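These notes concern the structure reproduced below.
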Amino acid sequence: MNPADYLDPTDALPFSGGVVKDSSTLVNITPFKHGKAFPVLRQGDIVLIGAPENRNSTNLGASKSPDLIRSYFYSLSNFPAKIRIIDGGNLKPTKSPSDSYSAIKDLADFFLSKKATVIVLGGTQEISLAIYQAISIHRKSVGISFIDSHLDMGANDGDFSATSYLQKFLDEPQKNLFNISIVGYQGYLVDSKQIDLLAKLNHEALRLGFVRGNFREVEPTFRDSDFVSLDLGAIRHSDCPGNIYPSPNGLYAEEACQLSRYSGLSNRTCCFGIFEYNPESDASFQSAHLSAQLVWHFIEAFSQRKGELPNNNVDFKKFIVNSSTPGIEMVFYKSMLSDSWWMEIPTSNFDLFPNGKVIVACSYNDYVTASKQELPERWIRIYNKVV
């Protein structure tokens, strides 16, 4: 496959109000240029592509968003020298949305096969399905986090659009899609039956108020996510006006940047996408600037990844807790490098977990809860998936 067959180089220029060129992200960027071959990928590269697809949405201005975000991203400060960003430009125009989805899947598949990390500037959020399909080629038991104020499940009438794509994910078998997390949803914008359905399937739904008051409890969600898909509508209108469904409530800009940072720090996260930006609602381009900062925080955190996992690193301390449930022993691991915690959950699903256990990210509070002879909610939810 040749990515140049799918992508057009970008002509975006840096925003004039940013840092000087020699101190900007352009220092780290290797661009795909007109008339040139696509840059050769190396393991550990970050590939930035624009996906201006919006035809299955009412957010028709979203097609103009990738290059606006780029202009602000180009004007932000640079990263450590080891970070190399391939700017692949934007998806070429296609005859239909399905052609765009197929192209995005092919591109993500190719980049992931080269051990690169992919950042997608949308476009509308149903593109997430094509990205997930590419990830599932390379990984099983995928975890996905959607940062969103809504649950985009539509009327469950079979329609596929930016507001009804989530049902496609819920229909995936567990061996392919292990966990879905909805982060920052707003209760008054969500049908309670949809929340009940997520709970029945043992997926995770974190309400805005919980996220705001428990950031350290939210971090493990991102540590176990292969893909993070961010709808800018999850951010309050005063901080991010460039959205067709604005809300007076939502994440603050700083909180959204923190979640992007958690995504970048995660050793598992191989794809990060920003969707639903509408430049026509963004007179001062505040949302373009914020989107660029979200990308910047992801990459800055990416540069600090430690590559730690309990099963391949000696810098861990193991804790065994006797639970109040007969026959169940709770095992926790603490990283001596980052103070991050994981927990081990027994399973009889040997087809999916041959070792008879699954290790998932958790918080210190989960360990404290277990020490009080109580089963942590996170433990129960995952146990119900794998029992």
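Every chain in the structure tokens takes a letter, A first, then B, and so on in the order presented; its residues are numbered from 1, and the ligands are numbered from 1 following the presented order.
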Which residues are near Ala51 of chain A? Cut-off 8 Å, only C-alpha atoms, ignore same chain within fewer than 5 positions. Put them as a list in words.
Ser63, Pro66, Asn90, Leu91, Ile104, Val120, Leu121, Gly122 and Gly123 of chain A
Would you give me, as an MDAnalysis selection string, the residues in segment 102-302 of chain A that DSSP reads as helix (DSSP H, G or I)?
chainID A and resid 102:113 125:138 166:170 187:189 192:200 208:213 215:223 232:234 253:265 279:281 286:302
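The nearest approach to Asp45 of chain A among the residues A:Gly143, A:Phe302, A:Asn176, A:Arg261, with only C-alpha atoms taken into account, belongs to A:Phe302.
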Exercise: Arg216 of chain A partners within 10 Å, only C-alpha atoms, chain neighbours under 2 positions left out, as a PyMOL selection string:
chain A and resi 211-214+218-221+262+362-365
Can you write just those residues out, C-alpha atoms, as a PDB file, in the first residue's frame?
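Everything below was put into selection05.pdb:
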ATOM      1  CA  VAL A 211     -15.006  12.904  35.961  1.00  0.00           C
ATOM      2  CA  ARG A 212     -14.643  16.415  37.318  1.00  0.00           C
ATOM      3  CA  GLY A 213     -14.381  15.284  40.931  1.00  0.00           C
ATOM      4  CA  ASN A 214     -12.342  12.107  40.447  1.00  0.00           C
ATOM      5  CA  VAL A 218     -10.587   8.244  35.501  1.00  0.00           C
ATOM      6  CA  GLU A 219      -6.925   7.876  34.523  1.00  0.00           C
ATOM      7  CA  PRO A 220      -6.918   4.011  34.531  1.00  0.00           C
ATOM      8  CA  THR A 221      -9.689   4.087  31.914  1.00  0.00           C
ATOM      9  CA  TYR A 262      -3.760  10.649  30.027  1.00  0.00           C
ATOM     10  CA  CYS A 362      -6.781   0.467  38.387  1.00  0.00           C
ATOM     11  CA  SER A 363      -6.326   3.204  40.976  1.00  0.00           C
ATOM     12  CA  TYR A 364      -4.863   3.271  44.463  1.00  0.00           C
ATOM     13  CA  ASN A 365      -8.402   3.675  45.783  1.00  0.00           C
TER      14      ASN A 365
END
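Counting only C-alpha atoms, the residue from A:Asn59, A:Ser266, A:Ser323, A:Asn349 that sits nearest to Pro376 of chain A is A:Ser323.
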